[in-house]
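*Asks:* This is upload.cif (mmCIF, C-alpha atoms).
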```cif
data_upload
#
loop_
_atom_site.group_PDB
_atom_site.id
_atom_site.type_symbol
_atom_site.label_atom_id
_atom_site.label_comp_id
_atom_site.auth_asym_id
_atom_site.auth_seq_id
_atom_site.Cartn_x
_atom_site.Cartn_y
_atom_site.Cartn_z
ATOM 1 C CA MET A 424 14.263 -35.720 -5.743
ATOM 2 C CA PRO A 425 15.521 -32.339 -7.088
ATOM 3 C CA GLY A 426 13.975 -31.199 -10.338
ATOM 4 C CA THR A 427 10.850 -33.353 -9.897
ATOM 5 C CA VAL A 428 7.470 -31.761 -9.763
ATOM 6 C CA SER A 429 5.391 -33.628 -7.234
ATOM 7 C CA SER A 430 2.127 -31.741 -6.894
ATOM 8 C CA PRO A 431 -0.393 -30.198 -9.314
ATOM 9 C CA ARG A 432 0.156 -26.814 -7.691
ATOM 10 C CA ARG A 433 3.915 -26.934 -8.252
ATOM 11 C CA ARG A 434 3.371 -28.176 -11.776
ATOM 12 C CA ALA A 435 1.063 -25.206 -12.441
ATOM 13 C CA VAL A 436 3.528 -22.655 -11.147
ATOM 14 C CA ALA A 437 6.439 -24.239 -13.000
ATOM 15 C CA SER A 438 4.570 -24.255 -16.309
ATOM 16 C CA GLY A 439 3.204 -20.740 -15.886
ATOM 17 C CA ALA A 440 -0.460 -21.836 -16.065
ATOM 18 C CA PRO A 441 -2.463 -22.054 -12.851
ATOM 19 C CA ALA A 442 -3.914 -25.416 -11.873
ATOM 20 C CA ALA A 443 -7.629 -25.542 -11.191
ATOM 21 C CA GLY A 444 -8.274 -24.097 -7.749
ATOM 22 C CA ALA A 445 -4.657 -23.099 -7.185
ATOM 23 C CA PRO A 446 -3.917 -19.474 -6.376
ATOM 24 C CA VAL A 447 -1.863 -17.592 -8.937
ATOM 25 C CA THR A 448 1.555 -17.085 -7.377
ATOM 26 C CA SER A 449 3.973 -16.908 -10.267
ATOM 27 C CA SER A 450 5.060 -13.690 -11.907
ATOM 28 C CA PRO A 451 4.038 -13.065 -15.494
ATOM 29 C CA ARG A 452 6.678 -13.404 -18.201
ATOM 30 C CA VAL A 453 7.892 -9.853 -18.707
ATOM 31 C CA PRO A 454 10.918 -8.918 -20.827
ATOM 32 C CA ARG A 455 13.941 -7.681 -18.887
ATOM 33 C CA SER A 456 13.792 -4.272 -20.598
ATOM 34 C CA ILE A 457 10.216 -3.762 -19.342
ATOM 35 C CA ARG A 458 11.203 -4.833 -15.811
ATOM 36 C CA LEU A 459 14.051 -2.293 -15.909
ATOM 37 C CA ALA A 460 11.671 0.411 -17.173
ATOM 38 C CA ALA A 461 9.240 -0.326 -14.316
ATOM 39 C CA HIS A 462 11.990 -0.071 -11.704
ATOM 40 C CA ALA A 463 13.374 3.088 -13.326
ATOM 41 C CA ALA A 464 9.887 4.657 -13.270
ATOM 42 C CA ALA A 465 9.607 4.035 -9.532
ATOM 43 C CA LEU A 466 13.092 5.425 -8.938
ATOM 44 C CA THR A 467 12.432 8.704 -10.788
ATOM 45 C CA LEU A 468 10.652 10.011 -7.689
ATOM 46 C CA VAL A 469 13.505 9.353 -5.266
ATOM 47 C CA PRO A 470 15.677 12.471 -5.901
ATOM 48 C CA SER A 471 12.810 14.967 -5.455
ATOM 49 C CA GLY A 472 11.645 13.064 -2.382
ATOM 50 C CA LEU A 473 15.113 13.220 -0.871
ATOM 51 C CA TRP A 474 15.191 16.967 -1.588
ATOM 52 C CA ARG A 475 11.896 17.474 0.292
ATOM 53 C CA ILE A 476 12.944 15.246 3.199
ATOM 54 C CA ALA A 477 16.259 17.100 3.526
ATOM 55 C CA MET A 478 14.292 20.364 3.625
ATOM 56 C CA ALA A 479 11.913 18.946 6.226
ATOM 57 C CA LEU A 480 14.860 18.010 8.442
ATOM 58 C CA GLY A 481 16.255 21.536 8.337
ATOM 59 C CA TRP A 482 18.718 21.521 5.442
ATOM 60 C CA ASP A 483 19.201 24.987 3.935
ATOM 61 C CA SER A 484 17.637 24.522 0.500
ATOM 62 C CA GLY A 485 18.078 28.141 -0.501
ATOM 63 C CA PHE A 486 14.486 29.273 0.043
ATOM 64 C CA THR A 487 14.274 32.625 1.803
ATOM 65 C CA ASP A 488 10.526 33.359 1.741
ATOM 66 C CA GLU A 489 8.709 33.075 5.060
ATOM 67 C CA HIS A 490 6.978 29.698 4.467
ATOM 68 C CA LEU A 491 9.931 27.732 3.100
ATOM 69 C CA ASN A 492 12.700 29.403 5.088
ATOM 70 C CA PRO A 493 15.010 26.778 6.622
ATOM 71 C CA ALA A 494 14.525 28.432 10.018
ATOM 72 C CA ASN A 495 10.991 26.953 10.022
ATOM 73 C CA TYR A 496 12.277 23.384 9.823
ATOM 74 C CA PRO A 497 11.983 20.958 11.384
ATOM 75 C CA GLY A 498 8.463 22.059 12.203
ATOM 76 C CA PRO A 499 4.805 21.432 11.371
ATOM 77 C CA LEU A 500 5.404 21.651 7.603
ATOM 78 C CA SER A 501 8.018 18.921 7.923
ATOM 79 C CA PHE A 502 5.266 16.332 8.309
ATOM 80 C CA TYR A 503 3.676 17.544 5.069
ATOM 81 C CA LEU A 504 6.961 17.386 3.121
ATOM 82 C CA ILE A 505 7.844 13.927 4.430
ATOM 83 C CA GLY A 506 4.287 12.665 3.885
ATOM 84 C CA LEU A 507 4.250 14.033 0.344
ATOM 85 C CA SER A 508 7.565 12.323 -0.403
ATOM 86 C CA LEU A 509 6.374 8.982 0.974
ATOM 87 C CA LEU A 510 3.034 9.194 -0.843
ATOM 88 C CA ALA A 511 4.712 10.073 -4.144
ATOM 89 C CA GLU A 512 7.105 7.133 -3.853
ATOM 90 C CA ALA A 513 4.246 4.784 -2.924
ATOM 91 C CA VAL A 514 2.384 5.874 -6.069
ATOM 92 C CA GLY A 515 5.565 5.392 -8.106
ATOM 93 C CA LEU A 516 6.022 1.893 -6.690
ATOM 94 C CA LEU A 517 2.599 0.949 -8.056
ATOM 95 C CA THR A 518 4.315 0.794 -11.454
ATOM 96 C CA LEU A 519 5.893 -2.449 -10.266
ATOM 97 C CA GLY A 520 2.404 -3.926 -10.105
ATOM 98 C CA LEU A 521 2.284 -3.853 -13.890
ATOM 99 C CA ILE A 522 5.068 -6.438 -14.045
ATOM 100 C CA HIS A 523 3.813 -8.665 -11.195
ATOM 101 C CA ARG A 524 0.639 -10.715 -10.713
ATOM 102 C CA TRP A 525 -0.455 -8.669 -7.698
ATOM 103 C CA GLY A 526 -0.790 -5.609 -9.927
ATOM 104 C CA GLU A 527 -3.206 -6.988 -12.488
ATOM 105 C CA GLU A 528 -6.215 -5.798 -10.549
ATOM 106 C CA LEU A 529 -6.714 -3.951 -7.301
ATOM 107 C CA PRO A 530 -7.203 -6.263 -4.286
ATOM 108 C CA TYR A 531 -10.835 -6.772 -3.259
ATOM 109 C CA TRP A 532 -10.228 -5.146 0.139
ATOM 110 C CA VAL A 533 -9.488 -1.733 -1.466
ATOM 111 C CA PRO A 534 -12.568 0.447 -0.796
ATOM 112 C CA LEU A 535 -14.712 1.324 -3.872
ATOM 113 C CA LEU A 536 -12.106 0.131 -6.403
ATOM 114 C CA GLY A 537 -11.360 -3.420 -5.242
ATOM 115 C CA GLY A 538 -11.409 -6.049 -7.967
ATOM 116 C CA ARG A 539 -11.102 -3.541 -10.818
ATOM 117 C CA ARG A 540 -8.294 -3.366 -13.336
ATOM 118 C CA ILE A 541 -5.677 -0.686 -12.833
ATOM 119 C CA PRO A 542 -6.184 2.372 -15.108
ATOM 120 C CA ALA A 543 -2.460 2.685 -15.796
ATOM 121 C CA SER A 544 -2.793 4.361 -19.201
ATOM 122 C CA THR A 545 -4.727 7.235 -17.635
ATOM 123 C CA GLY A 546 -2.061 7.494 -14.950
ATOM 124 C CA ALA A 547 0.737 7.575 -17.519
ATOM 125 C CA ALA A 548 -0.995 10.334 -19.492
ATOM 126 C CA LEU A 549 -1.677 12.433 -16.378
ATOM 127 C CA VAL A 550 1.827 12.014 -14.976
ATOM 128 C CA THR A 551 3.346 13.001 -18.322
ATOM 129 C CA LEU A 552 1.055 16.029 -18.627
ATOM 130 C CA ILE A 553 1.734 17.223 -15.068
ATOM 131 C CA THR A 554 5.508 16.820 -15.251
ATOM 132 C CA VAL A 555 5.830 18.419 -18.695
ATOM 133 C CA LEU A 556 3.668 21.382 -17.634
ATOM 134 C CA GLY A 557 5.764 21.648 -14.474
ATOM 135 C CA ALA A 558 8.942 21.749 -16.552
ATOM 136 C CA PHE A 559 7.576 24.466 -18.840
ATOM 137 C CA ASN A 560 6.518 26.534 -15.818
ATOM 138 C CA TRP A 561 9.617 25.813 -13.707
ATOM 139 C CA ASN A 562 11.039 29.356 -13.951
ATOM 140 C CA ASP A 563 7.707 31.222 -13.800
ATOM 141 C CA ALA A 564 7.153 33.947 -11.207
ATOM 142 C CA ASP A 565 5.019 31.549 -9.157
ATOM 143 C CA ASN A 566 7.709 28.863 -9.038
ATOM 144 C CA MET A 567 11.494 29.084 -9.207
ATOM 145 C CA GLY A 568 11.328 32.652 -10.563
ATOM 146 C CA ALA A 569 9.567 33.872 -7.417
ATOM 147 C CA PRO A 570 11.321 36.099 -4.907
ATOM 148 C CA GLY A 571 12.727 33.906 -2.154
ATOM 149 C CA ALA A 572 13.214 30.870 -4.431
ATOM 150 C CA PRO A 573 16.612 29.149 -4.426
ATOM 151 C CA GLU A 574 19.349 30.678 -6.536
ATOM 152 C CA GLY A 575 22.772 29.556 -7.716
ATOM 153 C CA VAL A 576 23.892 26.120 -6.537
ATOM 154 C CA HIS A 577 20.639 25.531 -4.644
ATOM 155 C CA TYR A 578 18.609 26.294 -7.780
ATOM 156 C CA TRP A 579 20.624 23.871 -9.906
ATOM 157 C CA LEU A 580 20.617 21.136 -7.259
ATOM 158 C CA MET A 581 16.838 21.377 -6.902
ATOM 159 C CA THR A 582 16.437 21.357 -10.689
ATOM 160 C CA VAL A 583 18.609 18.241 -10.976
ATOM 161 C CA CYS A 584 16.567 16.544 -8.226
ATOM 162 C CA TYR A 585 13.272 17.255 -9.980
ATOM 163 C CA LEU A 586 14.494 16.567 -13.532
ATOM 164 C CA PRO A 587 14.064 12.741 -13.361
ATOM 165 C CA LEU A 588 10.320 13.254 -12.910
ATOM 166 C CA LEU A 589 10.144 14.026 -16.636
ATOM 167 C CA ALA A 590 10.987 10.369 -17.326
ATOM 168 C CA TRP A 591 8.299 9.007 -14.986
ATOM 169 C CA GLY A 592 5.335 9.364 -17.393
ATOM 170 C CA PRO A 593 7.058 7.996 -20.508
ATOM 171 C CA LEU A 594 8.514 5.055 -18.558
ATOM 172 C CA LEU A 595 5.099 4.331 -17.076
ATOM 173 C CA ALA A 596 3.609 4.483 -20.602
ATOM 174 C CA VAL A 597 6.144 1.916 -21.894
ATOM 175 C CA VAL A 598 5.420 -0.445 -18.989
ATOM 176 C CA THR A 599 1.664 0.096 -19.419
ATOM 177 C CA ALA A 600 1.797 -0.696 -23.145
ATOM 178 C CA ALA A 601 3.702 -3.920 -22.396
ATOM 179 C CA TYR A 602 1.150 -4.754 -19.695
ATOM 180 C CA TYR A 603 -1.778 -4.348 -22.104
ATOM 181 C CA ARG A 604 -0.027 -6.396 -24.824
ATOM 182 C CA ARG A 605 0.662 -9.173 -22.308
ATOM 183 C CA ARG A 606 -2.948 -9.123 -21.043
ATOM 184 C CA ARG A 607 -4.285 -9.316 -24.609
ATOM 185 C CA ARG A 608 -2.019 -12.319 -25.378
ATOM 186 C CA GLU A 609 -3.110 -14.094 -22.177
ATOM 187 C CA GLY A 610 -6.776 -13.487 -23.019
#
```
Could the structure of this file be written out as structure tokens, please?
*Replies:*
Amino acid sequence: MPGTVSSPRRRAVASGAPAAGAPVTSSPRVPRSIRLAAHAAALTLVPSGLWRIAMALGWDSGFTDEHLNPANYPGPLSFYLIGLSLLAEAVGLLTLGLIHRWGEELPYWVPLLGGRRIPASTGAALVTLITVLGAFNWNDADNMGAPGAPEGVHYWLMTVCYLPLLAWGPLLAVVTAAYYRRRRREG
């Protein structure tokens, strides 16, 4: 009959408390604003990743120095740029673990770290530090101020693609704080 709970396992999942011996399968109760912040944090990496992938596939990104010249792409460095983009997005997607049961601790099969809690607060602090330092050094002679770096429209497009990264650390910090509050309430 619809709406009836017939087994202890279903009853546990429906009530939010696991039954003895039943695996935890339900998602924790997380406010909608925190869920949105977690998804936004993961999405902040997409524009810069798309920029790198476009470069790897041969799009003229405005670089004229010998290593980043579009004439070199696609080529051996393309694998690096695509791999970096995929790795960065995979790391960003880990933020979603802070709003789901699977993210409360690393799975036991993960070498050296399996079974441990996720050090999300350290990650949030490091991401914020790295992105803020990157923003302050964006126009330095070693970065976008270097000879051969993009200029004009290419410069502004690249800047706009990398700008969302500044929100990644603060969004991760908000989701992390909510995660720790929830964990403290649950005991």
*Asks:* Within 8 Å of (14.2, 27.7, -8.3) in the file's own coordinates, which protein, DNA or RNA residues have an atom, counting only C-alpha atoms? List them as a list in words.
*Replies:*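 Nearby residues: Trp561, Asn562, Asn566, Met567, Gly568, Ala569, Ala572, Pro573, Glu574, His577, Tyr578, Trp579, Met581 and Thr582 of chain A.
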*Asks:* Would you mind reading off the distance between atom CA of A:Val550 and atom CA of A:Leu595, one decimal, in Å?
*Replies:*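 Between atom CA of A:Val550 and atom CA of A:Leu595 the gap is 8.6 Å.
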*Asks:* For A:Leu466, which residue out of A:Leu580, A:Ala601, A:Leu594, A:Leu500 is the nearest one, using all atoms listed in the file?
*Replies:*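 Going through A:Leu580, A:Ala601, A:Leu594, A:Leu500 one by one, the smallest distance to A:Leu466 is for A:Leu594.
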*Asks:* Do you know which residues the PyMOL selection byres ((chain A and resi 453-464) around 8) returns on this file, as a list of chain:residue names?
*Replies:*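 That selection, the PyMOL selection byres ((chain A and resi 453-464) around 8), comes back as A:Pro451, A:Arg452, A:Ala465, A:Leu466, A:Thr467, A:Leu468, A:Gly515, A:Thr518, A:Leu519, A:Leu521, A:Ile522, A:Ala590, A:Trp591, A:Gly592, A:Leu594, A:Leu595, A:Val597, A:Val598, A:Ala601.
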*Asks:* Between atom CA of A:Glu609 and atom CA of A:Arg524, measure the distance and give it in Å to one decimal.
*Replies:* 12.5 Å
*Asks:* Write out as AutoDock Vina command-line options an axis-aligned box for stretch 586-591 of chain A: all of its atoms listed in the file, 8 Å added on each side, centre and edge lengths in Å with one decimal.
*Replies:*
```
--center_x 11.4 --center_y 12.8 --center_z -15.1 --size_x 22.2 --size_y 23.6 --size_z 20.4
```
*Asks:* Ranking A:Ala547, A:Leu491, A:Met478, A:Val555 by minimum distance to A:Ala596 and counting only C-alpha atoms, which one comes first?
*Replies:*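 Selected residue with least distance to A:Ala596: A:Ala547.
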*Asks:* So the first atom is atom CA of A:Gly538 and the second is atom CA of A:Trp525; what is the distance between them in Å, to one decimal place?
*Replies:*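 Result for atom CA of A:Gly538 versus atom CA of A:Trp525: 11.3 Å, one decimal.
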*Asks:* Mind checking which residues fall within 12 Å of A:Asn492, counting all atoms listed in the file, ignoring those fewer than 6 positions away in the same chain, and posting them as an NGL selection string?
*Replies:* :A and (478-479 or 481-486 or 498 or 500-501 or 571-573)
*Asks:* Of the residues A:Ala494, A:Pro570, A:Ala548, A:Ser508, which is the one nearest to A:Thr599, using all atoms listed in the file?
*Replies:*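 Distance minimum relative to A:Thr599 lands on A:Ala548.
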*Asks:* Taking the file as shown, find all residues satisfying the PyMOL selection byres ((chain A and resi 529) around 6) and write them as a PDB file with C-alpha atoms, keeping the file's coordinate frame.
*Replies:*
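Everything below was put into part14.pdb:
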```pdb
ATOM      1  CA  GLU A 528      -6.215  -5.798 -10.549  1.00  0.00           C
ATOM      2  CA  PRO A 530      -7.203  -6.263  -4.286  1.00  0.00           C
ATOM      3  CA  GLY A 537     -11.360  -3.420  -5.242  1.00  0.00           C
ATOM      4  CA  GLY A 538     -11.409  -6.049  -7.967  1.00  0.00           C
ATOM      5  CA  ARG A 539     -11.102  -3.541 -10.818  1.00  0.00           C
TER       6      ARG A 539
END
```
*Asks:* Using all atoms listed in the file, which of the listed residues (A:Thr487, A:Leu589, A:Cys584, A:Tyr602) sits closest to A:Arg475?
*Replies:*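 The answer is A:Cys584, which sits nearest to A:Arg475.
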*Asks:* Find the spatial neighbours of A:Tyr503, counting all atoms listed in the file, within a cut-off of 12 Å - ignore same-chain residues fewer than 6 positions away - and output them as a VMD selection string.
*Replies:* chain A and resid 472 475 to 476 478 to 480 496 to 497 509 to 511
